[in-house]
$ cat protein_37.pdb   # PDB, C-alpha atoms
ATOM      1  CA  GLN U   1     -97.167 149.928 197.765  1.00  0.00           C
ATOM      2  CA  GLY U   2    -100.377 148.826 199.474  1.00  0.00           C
ATOM      3  CA  LEU U   3    -103.641 148.051 197.784  1.00  0.00           C
ATOM      4  CA  ALA U   4    -106.870 149.995 198.073  1.00  0.00           C
ATOM      5  CA  SER U   5    -109.693 148.025 199.676  1.00  0.00           C
ATOM      6  CA  ASP U   6    -111.473 147.642 196.296  1.00  0.00           C
ATOM      7  CA  GLU U   7    -108.339 146.123 194.768  1.00  0.00           C
ATOM      8  CA  LEU U   8    -107.915 143.843 197.777  1.00  0.00           C
ATOM      9  CA  LEU U   9    -111.448 142.513 197.594  1.00  0.00           C
ATOM     10  CA  GLY U  10    -111.261 142.129 193.830  1.00  0.00           C
ATOM     11  CA  ALA U  11    -108.058 140.090 194.153  1.00  0.00           C
ATOM     12  CA  LEU U  12    -109.722 137.506 196.403  1.00  0.00           C
ATOM     13  CA  PRO U  13    -112.041 134.788 195.158  1.00  0.00           C
ATOM     14  CA  GLU U  14    -115.400 134.485 196.920  1.00  0.00           C
ATOM     15  CA  ASN U  15    -114.364 131.178 198.495  1.00  0.00           C
ATOM     16  CA  ALA U  16    -110.990 132.503 199.739  1.00  0.00           C
ATOM     17  CA  ARG U  17    -109.446 130.667 202.681  1.00  0.00           C
ATOM     18  CA  ALA U  18    -108.508 132.535 205.849  1.00  0.00           C
ATOM     19  CA  ASP U  19    -104.780 132.248 205.125  1.00  0.00           C
ATOM     20  CA  GLN U  20    -105.312 133.843 201.699  1.00  0.00           C
ATOM     21  CA  ILE U  21    -107.230 136.701 203.274  1.00  0.00           C
ATOM     22  CA  VAL U  22    -104.537 137.246 205.916  1.00  0.00           C
ATOM     23  CA  ARG U  23    -101.753 137.128 203.314  1.00  0.00           C
ATOM     24  CA  GLN U  24    -103.602 139.623 201.115  1.00  0.00           C
ATOM     25  CA  SER U  25    -104.412 141.903 204.074  1.00  0.00           C
ATOM     26  CA  LYS U  26    -100.683 142.408 204.714  1.00  0.00           C
ATOM     27  CA  LEU U  27    -100.654 144.427 201.498  1.00  0.00           C
ATOM     28  CA  ILE U  28    -102.905 147.121 203.016  1.00  0.00           C
ATOM     29  CA  HIS U  29    -100.954 150.154 204.222  1.00  0.00           C
ATOM     30  CA  MET U  30    -102.333 153.551 205.206  1.00  0.00           C
ATOM     31  CA  SER U  31    -100.315 156.759 205.093  1.00  0.00           C
ATOM     32  CA  ARG U  32    -100.483 159.609 207.603  1.00  0.00           C
ATOM     33  CA  ASP U  33    -102.329 161.722 205.027  1.00  0.00           C
ATOM     34  CA  PHE U  34    -104.869 158.973 204.405  1.00  0.00           C
ATOM     35  CA  LEU U  35    -105.667 158.545 208.120  1.00  0.00           C
ATOM     36  CA  ASP U  36    -105.710 162.318 208.682  1.00  0.00           C
ATOM     37  CA  ASN U  37    -108.186 162.709 205.796  1.00  0.00           C
ATOM     38  CA  LEU U  38    -110.237 159.806 207.108  1.00  0.00           C
ATOM     39  CA  ARG U  39    -110.487 161.440 210.539  1.00  0.00           C
ATOM     40  CA  VAL U  40    -112.428 164.407 209.161  1.00  0.00           C
ATOM     41  CA  HIS U  41    -115.216 162.197 207.807  1.00  0.00           C
ATOM     42  CA  LYS U  42    -118.239 162.006 210.059  1.00  0.00           C
ATOM     43  CA  GLN U  43    -118.784 158.287 209.360  1.00  0.00           C
ATOM     44  CA  PHE U  44    -115.238 157.441 210.450  1.00  0.00           C
ATOM     45  CA  ARG U  45    -115.595 159.485 213.652  1.00  0.00           C
ATOM     46  CA  GLU U  46    -118.903 157.730 214.339  1.00  0.00           C
ATOM     47  CA  LEU U  47    -117.244 154.364 213.752  1.00  0.00           C
ATOM     48  CA  LEU U  48    -114.492 155.230 216.238  1.00  0.00           C
ATOM     49  CA  HIS U  49    -117.166 156.362 218.691  1.00  0.00           C
ATOM     50  CA  ASP U  50    -119.061 153.074 218.211  1.00  0.00           C
ATOM     51  CA  LEU U  51    -115.795 151.227 218.870  1.00  0.00           C
ATOM     52  CA  ASP U  52    -115.478 153.178 222.149  1.00  0.00           C
ATOM     53  CA  VAL U  53    -112.347 155.070 221.055  1.00  0.00           C
ATOM     54  CA  PRO U  54    -112.302 158.374 222.985  1.00  0.00           C
ATOM     55  CA  PRO U  55    -112.340 161.563 220.845  1.00  0.00           C
ATOM     56  CA  GLU U  56    -109.068 162.773 222.371  1.00  0.00           C
ATOM     57  CA  ASP U  57    -107.370 159.705 220.843  1.00  0.00           C
ATOM     58  CA  HIS U  58    -108.579 160.629 217.349  1.00  0.00           C
ATOM     59  CA  VAL U  59    -106.171 163.580 217.084  1.00  0.00           C
ATOM     60  CA  ASN U  60    -102.876 161.635 217.076  1.00  0.00           C
ATOM     61  CA  LEU U  61    -104.354 158.468 215.641  1.00  0.00           C
ATOM     62  CA  PHE U  62    -101.595 157.882 213.095  1.00  0.00           C
ATOM     63  CA  ASP U  63     -98.776 158.289 215.644  1.00  0.00           C
ATOM     64  CA  THR U  64    -100.597 155.987 218.040  1.00  0.00           C
ATOM     65  CA  LEU U  65    -101.192 153.282 215.449  1.00  0.00           C
ATOM     66  CA  ASP U  66     -97.791 153.378 213.692  1.00  0.00           C
ATOM     67  CA  VAL U  67     -96.111 151.377 216.437  1.00  0.00           C
ATOM     68  CA  ASP U  68     -93.143 150.260 214.350  1.00  0.00           C
ATOM     69  CA  GLY U  69     -92.425 153.815 213.179  1.00  0.00           C
ATOM     70  CA  GLY U  70     -92.474 152.645 209.572  1.00  0.00           C
ATOM     71  CA  GLY U  71     -94.294 155.701 208.272  1.00  0.00           C
ATOM     72  CA  ASP U  72     -97.478 153.832 207.429  1.00  0.00           C
ATOM     73  CA  VAL U  73    -100.083 151.801 209.263  1.00  0.00           C
ATOM     74  CA  ASP U  74    -100.740 148.253 208.147  1.00  0.00           C
ATOM     75  CA  LEU U  75    -103.919 146.335 208.834  1.00  0.00           C
ATOM     76  CA  GLU U  76    -102.478 144.525 211.853  1.00  0.00           C
ATOM     77  CA  GLU U  77    -101.352 147.805 213.448  1.00  0.00           C
ATOM     78  CA  LEU U  78    -104.782 149.297 212.762  1.00  0.00           C
ATOM     79  CA  LEU U  79    -106.726 146.426 214.302  1.00  0.00           C
ATOM     80  CA  THR U  80    -104.401 146.005 217.291  1.00  0.00           C
ATOM     81  CA  GLY U  81    -104.201 149.739 217.913  1.00  0.00           C
ATOM     82  CA  ILE U  82    -107.944 150.352 217.721  1.00  0.00           C
ATOM     83  CA  SER U  83    -108.633 147.433 220.054  1.00  0.00           C
ATOM     84  CA  ASN U  84    -106.093 148.826 222.542  1.00  0.00           C
ATOM     85  CA  LEU U  85    -107.620 152.311 222.390  1.00  0.00           C
ATOM     86  CA  ARG U  86    -111.097 151.096 223.258  1.00  0.00           C
ATOM     87  CA  GLY U  87    -112.558 152.278 226.540  1.00  0.00           C
ATOM     88  CA  ASP U  88    -110.903 153.599 229.650  1.00  0.00           C
ATOM     89  CA  ALA U  89    -107.578 152.363 230.923  1.00  0.00           C
ATOM     90  CA  ARG U  90    -108.152 149.382 233.178  1.00  0.00           C
ATOM     91  CA  ARG U  91    -106.119 148.243 236.137  1.00  0.00           C
ATOM     92  CA  ALA U  92    -104.693 145.381 234.049  1.00  0.00           C
ATOM     93  CA  ASP U  93    -103.500 147.898 231.430  1.00  0.00           C
ATOM     94  CA  ILE U  94    -101.675 149.936 234.062  1.00  0.00           C
ATOM     95  CA  VAL U  95    -100.128 146.857 235.679  1.00  0.00           C
ATOM     96  CA  GLY U  96     -99.041 145.603 232.260  1.00  0.00           C
ATOM     97  CA  ILE U  97     -97.358 148.908 231.460  1.00  0.00           C
ATOM     98  CA  ARG U  98     -95.585 148.919 234.832  1.00  0.00           C
ATOM     99  CA  LEU U  99     -94.282 145.383 234.184  1.00  0.00           C
ATOM    100  CA  VAL U 100     -92.996 146.345 230.755  1.00  0.00           C
ATOM    101  CA  LEU U 101     -91.343 149.463 232.173  1.00  0.00           C
ATOM    102  CA  ARG U 102     -89.723 147.406 234.942  1.00  0.00           C
ATOM    103  CA  HIS U 103     -88.333 145.010 232.322  1.00  0.00           C
ATOM    104  CA  VAL U 104     -87.028 147.894 230.183  1.00  0.00           C
ATOM    105  CA  GLN U 105     -85.460 149.500 233.245  1.00  0.00           C
ATOM    106  CA  GLY U 106     -83.717 146.207 234.109  1.00  0.00           C
ATOM    107  CA  THR U 107     -82.398 145.922 230.561  1.00  0.00           C
ATOM    108  CA  VAL U 108     -81.100 149.493 230.619  1.00  0.00           C
ATOM    109  CA  ASN U 109     -79.406 148.868 233.986  1.00  0.00           C
ATOM    110  CA  ALA U 110     -77.763 145.698 232.626  1.00  0.00           C
ATOM    111  CA  LEU U 111     -76.528 147.591 229.558  1.00  0.00           C
ATOM    112  CA  GLU U 112     -75.165 150.349 231.761  1.00  0.00           C
ATOM    113  CA  SER U 113     -73.241 147.782 233.832  1.00  0.00           C
ATOM    114  CA  MET U 114     -71.828 146.180 230.689  1.00  0.00           C
ATOM    115  CA  ILE U 115     -70.700 149.569 229.353  1.00  0.00           C
ATOM    116  CA  LEU U 116     -69.004 150.422 232.665  1.00  0.00           C
ATOM    117  CA  GLU U 117     -67.244 147.035 232.734  1.00  0.00           C
ATOM    118  CA  ASP U 118     -66.132 147.505 229.131  1.00  0.00           C
ATOM    119  CA  ARG U 119     -64.807 150.982 229.929  1.00  0.00           C
ATOM    120  CA  THR U 120     -62.879 149.628 232.935  1.00  0.00           C
ATOM    121  CA  GLU U 121     -61.328 146.852 230.822  1.00  0.00           C
ATOM    122  CA  ARG U 122     -60.454 149.319 228.069  1.00  0.00           C
ATOM    123  CA  ASP U 123     -58.759 151.611 230.609  1.00  0.00           C
ATOM    124  CA  LYS U 124     -56.738 148.642 231.949  1.00  0.00           C
ATOM    125  CA  LEU U 125     -55.661 147.719 228.412  1.00  0.00           C
ATOM    126  CA  ARG U 126     -54.616 151.294 227.691  1.00  0.00           C
ATOM    127  CA  ALA U 127     -52.559 151.406 230.880  1.00  0.00           C
ATOM    128  CA  ALA U 128     -50.929 148.055 230.066  1.00  0.00           C
ATOM    129  CA  THR U 129     -50.208 149.137 226.487  1.00  0.00           C
ATOM    130  CA  ALA U 130     -48.725 152.414 227.705  1.00  0.00           C
ATOM    131  CA  SER U 131     -46.483 150.631 230.199  1.00  0.00           C
ATOM    132  CA  ILE U 132     -45.244 148.194 227.525  1.00  0.00           C
ATOM    133  CA  GLY U 133     -44.580 151.046 225.120  1.00  0.00           C
ATOM    134  CA  GLY U 134     -42.603 152.902 227.769  1.00  0.00           C
ATOM    135  CA  CYS U 135     -40.382 149.928 228.692  1.00  0.00           C
ATOM    136  CA  THR U 136     -36.876 149.611 227.349  1.00  0.00           C
ATOM    137  CA  ASP U 137     -35.316 146.241 227.956  1.00  0.00           C
ATOM    138  CA  GLY U 138     -32.171 146.859 225.946  1.00  0.00           C
ATOM    139  CA  THR U 139     -33.168 144.843 222.924  1.00  0.00           C
TER     140      THR U 139
END

$ encode --input "protein_37.pdb" --output "structure tokens"
Amino acid sequence: QGLASDELLGALPENARADQIVRQSKLIHMSRDFLDNLRVHKQFRELLHDLDVPPEDHVNLFDTLDVDGGGDVDLEELLTGISNLRGDARRADIVGIRLVLRHVQGTVNALESMILEDRTERDKLRAATASIGGCTDGT
């Protein structure tokens, strides 16, 4: 279970080192309900606006931020997601997505080839097994 922000701050000494803060921040997790309730607050919407997150991205905020599909959003997902939502898509964003898609497509093609090779080998083994089973050598 994650900690509320008050609990998190109370658990850290005033002179906490950065590694302590990072370690403690991994305990923060936000549920879908929490983020959905947060979205209706004017201050949160204003904060997203100030961060240059377009209003159309507010609607599915939880689904956008929960990149690992874990059912909650941790602090790292929140910070990374919000920073990626800022502003309009840039040429570098589009090129980056195309490169990732090209890599995924290559991986899928390689997997498809491996599956076809495996199927061919399996068919050869079945044929060989069937021919051995059908042989009678008199012994």

$ atom_distance --input "protein_37.pdb" --atom1 "CA of Asp74 in chain U" --atom2 "CA of Met30 in chain U"
6.3 Å

$ atom_distance --input "protein_37.pdb" --atom1 "CA of His29 in chain U" --atom2 "CA of Val73 in chain U"
5.4 Å

$ residues_around --input "protein_37.pdb" --residues "Arg45 in chain U" --least-positions-apart "6" --cutoff "10 Å" --atoms "all atoms listed in the file" --output "list in words"
Leu38, Arg39, Leu51, Val53, Pro54, Pro55 and His58 of chain U

$ atom_distance --input "protein_37.pdb" --atom1 "CA of Leu75 in chain U" --atom2 "CA of Phe62 in chain U"
12.5 Å

$ closest_residue --input "protein_37.pdb" --among "U:Glu76, U:Asp33, U:Asp68, U:Asp88" --to "Glu56 in chain U" --atoms "all atoms listed in the file"
U:Asp88

$ resolve_selection --input "protein_37.pdb" --expression "the PyMOL selection byres ((chain U and resi 64) around 10)" --output "PyMOL selection string"
chain U and resi 57-63+65-67+69+73+77-78+81-82+85

$ closest_residue --input "protein_37.pdb" --among "U:Lys124, U:Arg86, U:Ile94, U:Leu35" --to "His49 in chain U" --atoms "only C-alpha atoms"
U:Arg86
